[in-house]
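Quick look at query-v1.pdb (PDB, C-alpha atoms, pLDDT in the B column):
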```pdb
MODEL        1
ATOM      1  CA  MET O   1     -12.330  23.124  -5.793  1.00 90.00           C
ATOM      2  CA  LYS O   2     -10.070  20.084  -5.506  1.00 94.00           C
ATOM      3  CA  ILE O   3      -9.374  18.592  -2.082  1.00 96.00           C
ATOM      4  CA  VAL O   4      -6.045  16.950  -1.319  1.00 97.00           C
ATOM      5  CA  ILE O   5      -5.916  14.769   1.799  1.00 97.00           C
ATOM      6  CA  LEU O   6      -2.587  13.436   3.017  1.00 97.00           C
ATOM      7  CA  ALA O   7      -3.164  10.612   5.480  1.00 93.00           C
ATOM      8  CA  GLY O   8      -0.635   9.338   7.979  1.00 87.00           C
ATOM      9  CA  GLY O   9       0.386   6.136   6.206  1.00 87.00           C
ATOM     10  CA  PRO O  10       3.293   5.563   3.804  1.00 87.00           C
ATOM     11  CA  ALA O  11       3.648   8.594   1.556  1.00 87.00           C
ATOM     12  CA  THR O  12       6.694   8.118  -0.650  1.00 88.00           C
ATOM     13  CA  ALA O  13       7.072  10.986  -3.144  1.00 92.00           C
ATOM     14  CA  PHE O  14       3.713  12.450  -2.109  1.00 93.00           C
ATOM     15  CA  ASP O  15       4.939  15.942  -3.007  1.00 92.00           C
ATOM     16  CA  THR O  16       5.761  14.855  -6.561  1.00 93.00           C
ATOM     17  CA  LEU O  17       2.399  13.099  -6.872  1.00 93.00           C
ATOM     18  CA  ILE O  18       0.481  16.159  -5.664  1.00 93.00           C
ATOM     19  CA  LYS O  19       2.234  18.362  -8.212  1.00 91.00           C
ATOM     20  CA  ALA O  20       1.598  15.842 -10.994  1.00 90.00           C
ATOM     21  CA  HIS O  21      -2.125  15.522 -10.246  1.00 90.00           C
ATOM     22  CA  THR O  22      -3.018  19.126  -9.436  1.00 90.00           C
ATOM     23  CA  ASP O  23      -2.412  22.507 -11.007  1.00 84.00           C
ATOM     24  CA  ASN O  24      -1.658  24.137  -7.630  1.00 72.00           C
ATOM     25  CA  THR O  25      -4.704  26.398  -7.882  1.00 80.00           C
ATOM     26  CA  ASN O  26      -7.999  26.197  -6.020  1.00 90.00           C
ATOM     27  CA  ILE O  27      -6.853  23.340  -3.775  1.00 95.00           C
ATOM     28  CA  PHE O  28      -7.815  22.747  -0.147  1.00 96.00           C
ATOM     29  CA  PHE O  29      -5.106  20.804   1.687  1.00 97.00           C
ATOM     30  CA  ILE O  30      -5.973  18.565   4.631  1.00 97.00           C
ATOM     31  CA  GLY O  31      -3.314  16.827   6.696  1.00 97.00           C
ATOM     32  CA  VAL O  32      -4.468  13.809   8.686  1.00 95.00           C
ATOM     33  CA  ASP O  33      -2.381  13.188  11.796  1.00 93.00           C
ATOM     34  CA  ARG O  34       1.252  12.905  10.628  1.00 94.00           C
ATOM     35  CA  GLY O  35       0.127  13.902   7.160  1.00 96.00           C
ATOM     36  CA  ALA O  36      -0.228  17.481   8.416  1.00 97.00           C
ATOM     37  CA  PHE O  37       3.404  17.515   9.531  1.00 97.00           C
ATOM     38  CA  ARG O  38       4.544  16.076   6.193  1.00 97.00           C
ATOM     39  CA  LEU O  39       2.626  18.712   4.220  1.00 97.00           C
ATOM     40  CA  MET O  40       4.203  21.420   6.342  1.00 97.00           C
ATOM     41  CA  GLN O  41       7.698  20.018   5.868  1.00 96.00           C
ATOM     42  CA  ALA O  42       7.189  19.895   2.101  1.00 96.00           C
ATOM     43  CA  GLY O  43       6.063  23.514   1.989  1.00 95.00           C
ATOM     44  CA  PHE O  44       2.416  22.907   1.103  1.00 96.00           C
ATOM     45  CA  PRO O  45      -0.366  24.807   2.866  1.00 96.00           C
ATOM     46  CA  VAL O  46      -2.196  23.034   5.662  1.00 97.00           C
ATOM     47  CA  HIS O  47      -5.667  24.509   5.500  1.00 96.00           C
ATOM     48  CA  LEU O  48      -6.921  21.902   7.963  1.00 97.00           C
ATOM     49  CA  ALA O  49      -5.017  19.545  10.267  1.00 97.00           C
ATOM     50  CA  ILE O  50      -7.180  16.831  11.750  1.00 95.00           C
ATOM     51  CA  GLY O  51      -6.621  13.741  13.886  1.00 92.00           C
ATOM     52  CA  ASP O  52      -5.606  12.596  17.336  1.00 89.00           C
ATOM     53  CA  PHE O  53      -1.963  13.383  16.436  1.00 92.00           C
ATOM     54  CA  ASP O  54      -0.658  10.446  18.420  1.00 88.00           C
ATOM     55  CA  SER O  55       2.085   9.978  15.811  1.00 89.00           C
ATOM     56  CA  LEU O  56       3.618  13.410  16.517  1.00 93.00           C
ATOM     57  CA  ASN O  57       5.926  14.313  19.376  1.00 94.00           C
ATOM     58  CA  PRO O  58       5.160  17.509  21.341  1.00 94.00           C
ATOM     59  CA  GLU O  59       7.545  19.649  19.258  1.00 96.00           C
ATOM     60  CA  GLU O  60       6.104  18.415  15.961  1.00 96.00           C
ATOM     61  CA  TYR O  61       2.533  18.951  17.152  1.00 95.00           C
ATOM     62  CA  ALA O  62       3.361  22.489  18.289  1.00 96.00           C
ATOM     63  CA  ALA O  63       4.836  23.230  14.876  1.00 97.00           C
ATOM     64  CA  VAL O  64       1.689  21.954  13.143  1.00 97.00           C
ATOM     65  CA  ARG O  65      -0.539  24.024  15.435  1.00 96.00           C
ATOM     66  CA  ALA O  66       1.429  27.141  14.563  1.00 97.00           C
ATOM     67  CA  TYR O  67       1.437  26.399  10.827  1.00 98.00           C
ATOM     68  CA  ALA O  68      -2.076  25.118  10.072  1.00 97.00           C
ATOM     69  CA  ASP O  69      -4.917  27.495   9.267  1.00 97.00           C
ATOM     70  CA  GLN O  70      -7.310  25.306  11.241  1.00 95.00           C
ATOM     71  CA  ILE O  71      -6.743  22.360  13.543  1.00 95.00           C
ATOM     72  CA  GLU O  72      -9.231  19.822  14.866  1.00 92.00           C
ATOM     73  CA  GLN O  73      -7.941  17.365  17.431  1.00 89.00           C
ATOM     74  CA  SER O  74     -10.032  14.239  17.818  1.00 82.00           C
ATOM     75  CA  PRO O  75      -9.982  11.813  20.751  1.00 73.00           C
ATOM     76  CA  ALA O  76      -7.957   8.639  20.308  1.00 69.00           C
ATOM     77  CA  GLU O  77     -11.053   6.507  20.961  1.00 69.00           C
ATOM     78  CA  LYS O  78     -13.865   7.384  18.568  1.00 71.00           C
ATOM     79  CA  ASP O  79     -16.338   5.875  16.120  1.00 76.00           C
ATOM     80  CA  ASP O  80     -14.815   7.429  12.995  1.00 84.00           C
ATOM     81  CA  THR O  81     -11.246   7.119  11.784  1.00 87.00           C
ATOM     82  CA  ASP O  82      -9.217  10.284  11.369  1.00 89.00           C
ATOM     83  CA  LEU O  83      -9.476   9.920   7.599  1.00 92.00           C
ATOM     84  CA  GLU O  84     -13.254   9.564   7.744  1.00 93.00           C
ATOM     85  CA  LEU O  85     -13.388  12.738   9.833  1.00 92.00           C
ATOM     86  CA  ALA O  86     -11.239  14.478   7.224  1.00 94.00           C
ATOM     87  CA  VAL O  87     -13.542  13.435   4.379  1.00 94.00           C
ATOM     88  CA  LEU O  88     -16.640  14.429   6.355  1.00 93.00           C
ATOM     89  CA  THR O  89     -15.183  17.844   7.076  1.00 92.00           C
ATOM     90  CA  ALA O  90     -14.146  18.281   3.451  1.00 91.00           C
ATOM     91  CA  ILE O  91     -17.604  17.597   2.043  1.00 91.00           C
ATOM     92  CA  GLU O  92     -19.261  19.753   4.692  1.00 92.00           C
ATOM     93  CA  GLN O  93     -17.089  22.717   3.718  1.00 92.00           C
ATOM     94  CA  PHE O  94     -16.975  22.015  -0.031  1.00 93.00           C
ATOM     95  CA  PRO O  95     -20.015  19.964  -1.084  1.00 92.00           C
ATOM     96  CA  ASP O  96     -19.369  20.793  -4.744  1.00 93.00           C
ATOM     97  CA  ALA O  97     -15.692  19.766  -4.750  1.00 93.00           C
ATOM     98  CA  SER O  98     -14.684  18.282  -8.104  1.00 93.00           C
ATOM     99  CA  GLU O  99     -12.244  15.690  -6.730  1.00 95.00           C
ATOM    100  CA  ILE O 100     -10.962  14.315  -3.441  1.00 96.00           C
ATOM    101  CA  LEU O 101      -7.410  13.070  -3.853  1.00 96.00           C
ATOM    102  CA  ILE O 102      -6.256  10.820  -0.992  1.00 96.00           C
ATOM    103  CA  LEU O 103      -2.560  10.079  -0.519  1.00 96.00           C
ATOM    104  CA  GLY O 104      -0.835   8.236   2.306  1.00 93.00           C
ATOM    105  CA  GLY O 105      -3.669   5.733   2.577  1.00 88.00           C
ATOM    106  CA  LEU O 106      -2.113   2.786   0.706  1.00 90.00           C
ATOM    107  CA  GLY O 107       0.735   0.453   1.558  1.00 85.00           C
ATOM    108  CA  GLY O 108       0.583   0.599   5.338  1.00 80.00           C
ATOM    109  CA  ARG O 109      -1.623  -1.236   7.817  1.00 83.00           C
ATOM    110  CA  PHE O 110      -3.960  -3.444   5.832  1.00 89.00           C
ATOM    111  CA  ASP O 111      -6.955  -2.758   8.093  1.00 86.00           C
ATOM    112  CA  HIS O 112      -6.547   0.965   7.388  1.00 83.00           C
ATOM    113  CA  GLU O 113      -5.983   0.339   3.690  1.00 88.00           C
ATOM    114  CA  ILE O 114      -9.071  -1.820   3.222  1.00 89.00           C
ATOM    115  CA  GLN O 115     -11.188   0.624   5.231  1.00 89.00           C
ATOM    116  CA  ILE O 116     -10.144   3.406   2.859  1.00 90.00           C
ATOM    117  CA  PHE O 117     -10.786   1.173  -0.166  1.00 93.00           C
ATOM    118  CA  TYR O 118     -14.347   0.524   1.023  1.00 93.00           C
ATOM    119  CA  LEU O 119     -15.018   4.142   1.981  1.00 93.00           C
ATOM    120  CA  VAL O 120     -17.407   4.716  -0.914  1.00 93.00           C
ATOM    121  CA  LEU O 121     -19.672   1.901   0.321  1.00 95.00           C
ATOM    122  CA  GLN O 122     -20.709   3.982   3.317  1.00 94.00           C
ATOM    123  CA  ALA O 123     -24.059   5.649   2.657  1.00 93.00           C
ATOM    124  CA  ARG O 124     -22.787   9.032   3.838  1.00 92.00           C
ATOM    125  CA  PHE O 125     -19.999   8.922   1.235  1.00 93.00           C
ATOM    126  CA  SER O 126     -21.951   7.367  -1.638  1.00 90.00           C
ATOM    127  CA  GLY O 127     -22.197  10.720  -3.410  1.00 92.00           C
ATOM    128  CA  LEU O 128     -18.409  10.819  -3.649  1.00 94.00           C
ATOM    129  CA  LEU O 129     -18.157   7.655  -5.743  1.00 94.00           C
ATOM    130  CA  SER O 130     -16.818   9.390  -8.856  1.00 94.00           C
ATOM    131  CA  LYS O 131     -14.822  12.007  -6.928  1.00 95.00           C
ATOM    132  CA  ILE O 132     -12.472   9.955  -4.757  1.00 96.00           C
ATOM    133  CA  THR O 133      -9.048   8.981  -6.073  1.00 96.00           C
ATOM    134  CA  LEU O 134      -6.594   6.884  -4.054  1.00 96.00           C
ATOM    135  CA  LEU O 135      -3.024   7.460  -5.068  1.00 95.00           C
ATOM    136  CA  ASP O 136       0.500   6.291  -4.360  1.00 94.00           C
ATOM    137  CA  THR O 137       3.625   5.880  -6.476  1.00 92.00           C
ATOM    138  CA  GLN O 138       2.444   2.526  -7.842  1.00 94.00           C
ATOM    139  CA  ASN O 139      -1.354   2.787  -8.047  1.00 95.00           C
ATOM    140  CA  ILE O 140      -4.161   5.098  -9.091  1.00 96.00           C
ATOM    141  CA  ILE O 141      -7.553   3.853  -7.922  1.00 97.00           C
ATOM    142  CA  ARG O 142     -10.890   5.363  -8.922  1.00 97.00           C
ATOM    143  CA  PHE O 143     -14.452   4.111  -8.522  1.00 98.00           C
ATOM    144  CA  VAL O 144     -17.348   3.872 -10.969  1.00 98.00           C
ATOM    145  CA  GLY O 145     -21.003   2.987 -10.767  1.00 97.00           C
ATOM    146  CA  ALA O 146     -23.596   1.969 -13.335  1.00 98.00           C
ATOM    147  CA  GLY O 147     -23.096   3.372 -16.818  1.00 98.00           C
ATOM    148  CA  ARG O 148     -20.558   3.653 -19.601  1.00 98.00           C
ATOM    149  CA  HIS O 149     -17.078   4.870 -18.688  1.00 98.00           C
ATOM    150  CA  VAL O 150     -14.204   5.769 -21.000  1.00 98.00           C
ATOM    151  CA  LEU O 151     -10.798   5.205 -19.376  1.00 98.00           C
ATOM    152  CA  THR O 152      -7.613   7.008 -20.375  1.00 96.00           C
ATOM    153  CA  LYS O 153      -4.172   5.601 -19.683  1.00 96.00           C
ATOM    154  CA  MET O 154      -2.290   7.516 -17.008  1.00 93.00           C
ATOM    155  CA  PRO O 155       1.369   8.310 -17.712  1.00 88.00           C
ATOM    156  CA  GLU O 156       3.882   5.740 -16.450  1.00 87.00           C
ATOM    157  CA  MET O 157       1.176   3.251 -15.509  1.00 93.00           C
ATOM    158  CA  THR O 158       1.422  -0.200 -17.095  1.00 93.00           C
ATOM    159  CA  TYR O 159      -1.510  -2.342 -15.990  1.00 97.00           C
ATOM    160  CA  LEU O 160      -5.257  -1.941 -15.807  1.00 98.00           C
ATOM    161  CA  ALA O 161      -7.323  -3.908 -13.306  1.00 98.00           C
ATOM    162  CA  PHE O 162     -10.875  -4.046 -11.994  1.00 98.00           C
ATOM    163  CA  ALA O 163     -12.197  -5.102  -8.598  1.00 97.00           C
ATOM    164  CA  SER O 164     -15.835  -5.065  -7.600  1.00 97.00           C
ATOM    165  CA  LEU O 165     -17.014  -3.737  -4.259  1.00 97.00           C
ATOM    166  CA  THR O 166     -20.523  -5.126  -4.718  1.00 97.00           C
ATOM    167  CA  PRO O 167     -22.266  -7.669  -6.941  1.00 97.00           C
ATOM    168  CA  VAL O 168     -22.108  -6.351 -10.508  1.00 98.00           C
ATOM    169  CA  LEU O 169     -24.440  -6.967 -13.435  1.00 98.00           C
ATOM    170  CA  GLY O 170     -23.677  -6.527 -17.106  1.00 98.00           C
ATOM    171  CA  PHE O 171     -19.968  -5.743 -16.834  1.00 98.00           C
ATOM    172  CA  SER O 172     -18.017  -5.488 -20.098  1.00 98.00           C
ATOM    173  CA  ILE O 173     -14.576  -4.321 -21.240  1.00 98.00           C
ATOM    174  CA  LYS O 174     -13.916  -3.059 -24.767  1.00 98.00           C
ATOM    175  CA  GLU O 175     -10.750  -1.989 -26.628  1.00 97.00           C
ATOM    176  CA  ALA O 176      -8.397  -3.305 -23.935  1.00 98.00           C
ATOM    177  CA  LYS O 177      -5.768  -5.986 -24.498  1.00 97.00           C
ATOM    178  CA  TYR O 178      -8.204  -8.469 -22.958  1.00 97.00           C
ATOM    179  CA  GLU O 179     -11.828  -7.718 -23.736  1.00 97.00           C
ATOM    180  CA  LEU O 180     -14.803  -9.044 -21.809  1.00 98.00           C
ATOM    181  CA  ALA O 181     -18.304  -9.642 -23.094  1.00 98.00           C
ATOM    182  CA  LYS O 182     -21.160  -8.560 -20.885  1.00 98.00           C
ATOM    183  CA  THR O 183     -20.949 -10.684 -17.738  1.00 98.00           C
ATOM    184  CA  ASP O 184     -22.839 -10.852 -14.446  1.00 98.00           C
ATOM    185  CA  TYR O 185     -20.891 -11.219 -11.202  1.00 98.00           C
ATOM    186  CA  PRO O 186     -23.210 -12.169  -8.307  1.00 97.00           C
ATOM    187  CA  THR O 187     -20.209 -12.192  -5.971  1.00 95.00           C
ATOM    188  CA  ASN O 188     -17.158  -9.931  -5.850  1.00 94.00           C
ATOM    189  CA  PHE O 189     -14.505 -10.297  -8.542  1.00 96.00           C
ATOM    190  CA  SER O 190     -10.986  -9.138  -9.337  1.00 96.00           C
ATOM    191  CA  LEU O 191      -9.697  -8.938 -12.914  1.00 97.00           C
ATOM    192  CA  SER O 192      -6.014  -8.016 -12.967  1.00 95.00           C
ATOM    193  CA  SER O 193      -3.131  -7.514 -15.411  1.00 95.00           C
ATOM    194  CA  ASN O 194      -5.130  -6.086 -18.294  1.00 97.00           C
ATOM    195  CA  GLU O 195      -3.546  -3.361 -20.416  1.00 97.00           C
ATOM    196  CA  PHE O 196      -4.349  -0.425 -22.660  1.00 97.00           C
ATOM    197  CA  VAL O 197      -3.551  -0.936 -26.341  1.00 96.00           C
ATOM    198  CA  GLY O 198      -1.172   1.854 -27.273  1.00 90.00           C
ATOM    199  CA  ASP O 199      -2.812   5.228 -26.722  1.00 87.00           C
ATOM    200  CA  LYS O 200      -6.338   3.912 -27.240  1.00 93.00           C
ATOM    201  CA  SER O 201      -8.856   4.443 -24.467  1.00 97.00           C
ATOM    202  CA  VAL O 202     -10.700   1.553 -22.858  1.00 98.00           C
ATOM    203  CA  THR O 203     -14.465   1.507 -22.435  1.00 98.00           C
ATOM    204  CA  ILE O 204     -16.203  -0.333 -19.639  1.00 98.00           C
ATOM    205  CA  GLU O 205     -19.910  -0.635 -18.948  1.00 98.00           C
ATOM    206  CA  LEU O 206     -21.896  -1.982 -16.027  1.00 98.00           C
ATOM    207  CA  GLU O 207     -25.626  -2.120 -15.489  1.00 98.00           C
ATOM    208  CA  SER O 208     -25.413  -2.055 -11.694  1.00 98.00           C
ATOM    209  CA  GLY O 209     -22.871  -2.206  -8.899  1.00 97.00           C
ATOM    210  CA  ILE O 210     -19.595  -0.502  -7.965  1.00 98.00           C
ATOM    211  CA  VAL O 211     -16.216  -1.268  -9.513  1.00 98.00           C
ATOM    212  CA  ALA O 212     -12.757  -0.003  -8.583  1.00 98.00           C
ATOM    213  CA  VAL O 213     -10.639   0.877 -11.613  1.00 98.00           C
ATOM    214  CA  ILE O 214      -6.959   0.392 -10.836  1.00 98.00           C
ATOM    215  CA  GLN O 215      -4.058   1.568 -12.947  1.00 97.00           C
ATOM    216  CA  ALA O 216      -0.728   0.262 -11.684  1.00 96.00           C
ATOM    217  CA  ARG O 217       2.924   0.235 -12.612  1.00 92.00           C
ATOM    218  CA  ASP O 218       5.245  -2.744 -12.323  1.00 80.00           C
TER     219      ASP O 218
ENDMDL
END
```
So, in terms of structure tokens, how does the structure I just supplied come out?
Amino acid sequence: MKIVILAGGPATAFDTLIKAHTDNTNIFFIGVDRGAFRLMQAGFPVHLAIGDFDSLNPEEYAAVRAYADQIEQSPAEKDDTDLELAVLTAIEQFPDASEILILGGLGGRFDHEIQIFYLVLQARFSGLLSKITLLDTQNIIRFVGAGRHVLTKMPEMTYLAFASLTPVLGFSIKEAKYELAKTDYPTNFSLSSNEFVGDKSVTIELESGIVAVIQARD
């Protein structure tokens, strides 16, 4: 099972991105706030609509209620964000999901964007480290923990970058345009504008910590 979550932020070409990153089978679609309305308009299923829906007018909300298989309306004032509630619900229903693809979470309010970026640091979401992908038309962001990881270039993406979410020990980059010998980073780092070399994969290793792997286009 793959879970696709469309949040309420900027979502340019989200329909094209969903089709490019899924095979349209065995997918559970979650619309967060206005994301539910956008999924409906694009003709995707809305298996779950969740949020306070403050971004929808009464007619739009009524349409979502009629269209969605399940709807959960949250209060405007709450401890969790609507997206956090969506992820919690997803892992409760599908604990063995292979991937959680989040769209509409980048490029809008920075406080929302950084909260989504740091989602995997929350203890309750730590098991999703290798499952969460953040996606928009310009970026694909995945997260890795300790170990050896082989990275494959995604179509139409130009640059490869790394940003730590925690202190990182023993981080190395091999077979990229700019390689890095094993290095310790006691504080957070960002290494941008690296590149794949042709069709060759890139190998990274880290002994401890969490690193975001970012592929981006110009």
Dig up all the protein and nucleic acid residues within 10 Å of (3.8, 20.1, 15.0) in the file frame, using all atoms listed in the file, and format them as a PyMOL selection string.
chain O and resi 33-34+36-38+40-41+53+56-68
Given the file shown, determine the residues that the PyMOL selection byres ((chain O and resi 75) around 12) selects; report them as a PDB file with C-alpha atoms, in the frame of the given file.
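Printed below is result_20.pdb as written:
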```pdb
ATOM      1  CA  ASP O  33      -2.381  13.188  11.796  1.00 93.00           C
ATOM      2  CA  ILE O  50      -7.180  16.831  11.750  1.00 95.00           C
ATOM      3  CA  GLY O  51      -6.621  13.741  13.886  1.00 92.00           C
ATOM      4  CA  ASP O  52      -5.606  12.596  17.336  1.00 89.00           C
ATOM      5  CA  PHE O  53      -1.963  13.383  16.436  1.00 92.00           C
ATOM      6  CA  ASP O  54      -0.658  10.446  18.420  1.00 88.00           C
ATOM      7  CA  GLU O  72      -9.231  19.822  14.866  1.00 92.00           C
ATOM      8  CA  GLN O  73      -7.941  17.365  17.431  1.00 89.00           C
ATOM      9  CA  SER O  74     -10.032  14.239  17.818  1.00 82.00           C
ATOM     10  CA  ALA O  76      -7.957   8.639  20.308  1.00 69.00           C
ATOM     11  CA  GLU O  77     -11.053   6.507  20.961  1.00 69.00           C
ATOM     12  CA  LYS O  78     -13.865   7.384  18.568  1.00 71.00           C
ATOM     13  CA  ASP O  79     -16.338   5.875  16.120  1.00 76.00           C
ATOM     14  CA  ASP O  80     -14.815   7.429  12.995  1.00 84.00           C
ATOM     15  CA  THR O  81     -11.246   7.119  11.784  1.00 87.00           C
ATOM     16  CA  ASP O  82      -9.217  10.284  11.369  1.00 89.00           C
ATOM     17  CA  LEU O  85     -13.388  12.738   9.833  1.00 92.00           C
TER      18      LEU O  85
END
```
Given only C-alpha atoms as the basis, pick out the residue of O:Lys2, O:Asn24, O:Ile91, O:Phe171 nearest to O:Pro45.
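Answer, going by the shortest atom-to-atom distance: O:Asn24.
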Under the PyMOL selection byres ((chain O and resi 212-215) around 9), which residues of this model are included? Write them out as a PyMOL selection string.
chain O and resi 117+138-144+151+153-154+157-165+192+195+210-211+216-217
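When the distance limit is 10 Å and only C-alpha atoms are what count, the residues near O:Ser130, minus those fewer than 3 positions from it on the same chain, are Ser98, Glu99, Ile100, Val120, Ser126, Gly127, Thr133, Arg142, Phe143, Val144 and Gly145 of chain O.
Among O:Glu84, O:His149, O:Leu106, O:Pro10, the residue with the shortest atom-to-atom distance to O:Arg124, counting all atoms listed in the file, is O:Glu84.
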Determine the residue set returned by the PyMOL selection byres ((chain O and resi 9) around 9) for the present structure, and present it as a PyMOL selection string.
chain O and resi 6-8+10-11+34-35+103-109+112-113
Using all atoms listed in the file, give me every residue within 12 Å of (-15.6, -13.8, -7.1) in file coordinates, as a list in words.
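So the residues meeting the distance criterion are Phe162, Ala163, Ser164, Leu165, Thr166, Pro167, Val168, Asp184, Tyr185, Pro186, Thr187, Asn188, Phe189, Ser190 and Leu191 of chain O.
The two atoms in question, atom CA of O:Arg148 and atom CA of O:Leu128, are spaced 17.6 Å apart.
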Calculate how many Å separate atom CA of O:Asp69 from atom CA of O:Asp96, rounding to one decimal.
21.2 Å
How big is the axis-aligned box, and where does its centre sit, when it encloses all atoms of stretch 151-168 of chain O listed in the file and has 8 Å added on every side, reported in Å to one decimal as JSON?
```
{"center_x": -9.2, "center_y": 0.3, "center_z": -12.3, "size_x": 42.1, "size_y": 32.0, "size_z": 32.1}
```
Because some atoms of stretch 26-33 of chain O are absent here, can you restore all heavy atoms and send them as a short mmCIF file (atom, residue, chain, number, x, y, z; two decimals), in the frame of the given file?
```cif
data_model
loop_
_atom_site.label_atom_id
_atom_site.label_comp_id
_atom_site.auth_asym_id
_atom_site.auth_seq_id
_atom_site.Cartn_x
_atom_site.Cartn_y
_atom_site.Cartn_z
N ASN O 26 -6.68 26.56 -6.53
CA ASN O 26 -8.00 26.20 -6.02
C ASN O 26 -7.98 24.81 -5.37
O ASN O 26 -8.80 23.95 -5.67
CB ASN O 26 -9.04 26.24 -7.14
CG ASN O 26 -10.43 26.52 -6.60
OD1 ASN O 26 -10.59 27.13 -5.54
ND2 ASN O 26 -11.45 26.09 -7.32
N ILE O 27 -7.01 24.60 -4.48
CA ILE O 27 -6.85 23.34 -3.78
C ILE O 27 -6.98 23.58 -2.27
O ILE O 27 -6.41 24.55 -1.75
CB ILE O 27 -5.48 22.69 -4.06
CG1 ILE O 27 -5.29 22.47 -5.55
CG2 ILE O 27 -5.34 21.36 -3.32
CD1 ILE O 27 -3.88 22.10 -5.93
N PHE O 28 -7.70 22.71 -1.60
CA PHE O 28 -7.82 22.75 -0.15
C PHE O 28 -7.04 21.56 0.40
O PHE O 28 -7.35 20.41 0.11
CB PHE O 28 -9.29 22.67 0.27
CG PHE O 28 -9.52 22.92 1.74
CD1 PHE O 28 -9.55 24.21 2.23
CD2 PHE O 28 -9.70 21.87 2.63
CE1 PHE O 28 -9.78 24.46 3.58
CE2 PHE O 28 -9.92 22.09 3.97
CZ PHE O 28 -9.96 23.41 4.46
N PHE O 29 -5.99 21.85 1.17
CA PHE O 29 -5.11 20.80 1.69
C PHE O 29 -5.50 20.41 3.11
O PHE O 29 -5.62 21.27 3.99
CB PHE O 29 -3.65 21.29 1.70
CG PHE O 29 -3.00 21.35 0.35
CD1 PHE O 29 -3.03 22.52 -0.39
CD2 PHE O 29 -2.37 20.24 -0.19
CE1 PHE O 29 -2.42 22.59 -1.64
CE2 PHE O 29 -1.77 20.29 -1.44
CZ PHE O 29 -1.79 21.47 -2.16
N ILE O 30 -5.67 19.10 3.31
CA ILE O 30 -5.97 18.57 4.63
C ILE O 30 -4.88 17.57 5.01
O ILE O 30 -4.58 16.64 4.26
CB ILE O 30 -7.33 17.85 4.67
CG1 ILE O 30 -8.46 18.80 4.26
CG2 ILE O 30 -7.60 17.26 6.05
CD1 ILE O 30 -9.83 18.15 4.20
N GLY O 31 -4.29 17.77 6.17
CA GLY O 31 -3.31 16.83 6.70
C GLY O 31 -3.93 16.02 7.81
O GLY O 31 -4.49 16.58 8.76
N VAL O 32 -3.90 14.70 7.69
CA VAL O 32 -4.47 13.81 8.69
C VAL O 32 -3.34 13.29 9.56
O VAL O 32 -2.43 12.60 9.07
CB VAL O 32 -5.22 12.64 8.03
CG1 VAL O 32 -5.81 11.72 9.10
CG2 VAL O 32 -6.32 13.16 7.11
N ASP O 33 -3.39 13.64 10.84
CA ASP O 33 -2.38 13.19 11.80
C ASP O 33 -0.99 13.56 11.29
O ASP O 33 -0.70 14.71 11.02
CB ASP O 33 -2.54 11.69 12.08
CG ASP O 33 -2.05 11.32 13.47
OD1 ASP O 33 -2.84 11.40 14.43
OD2 ASP O 33 -0.87 10.97 13.59
#
```
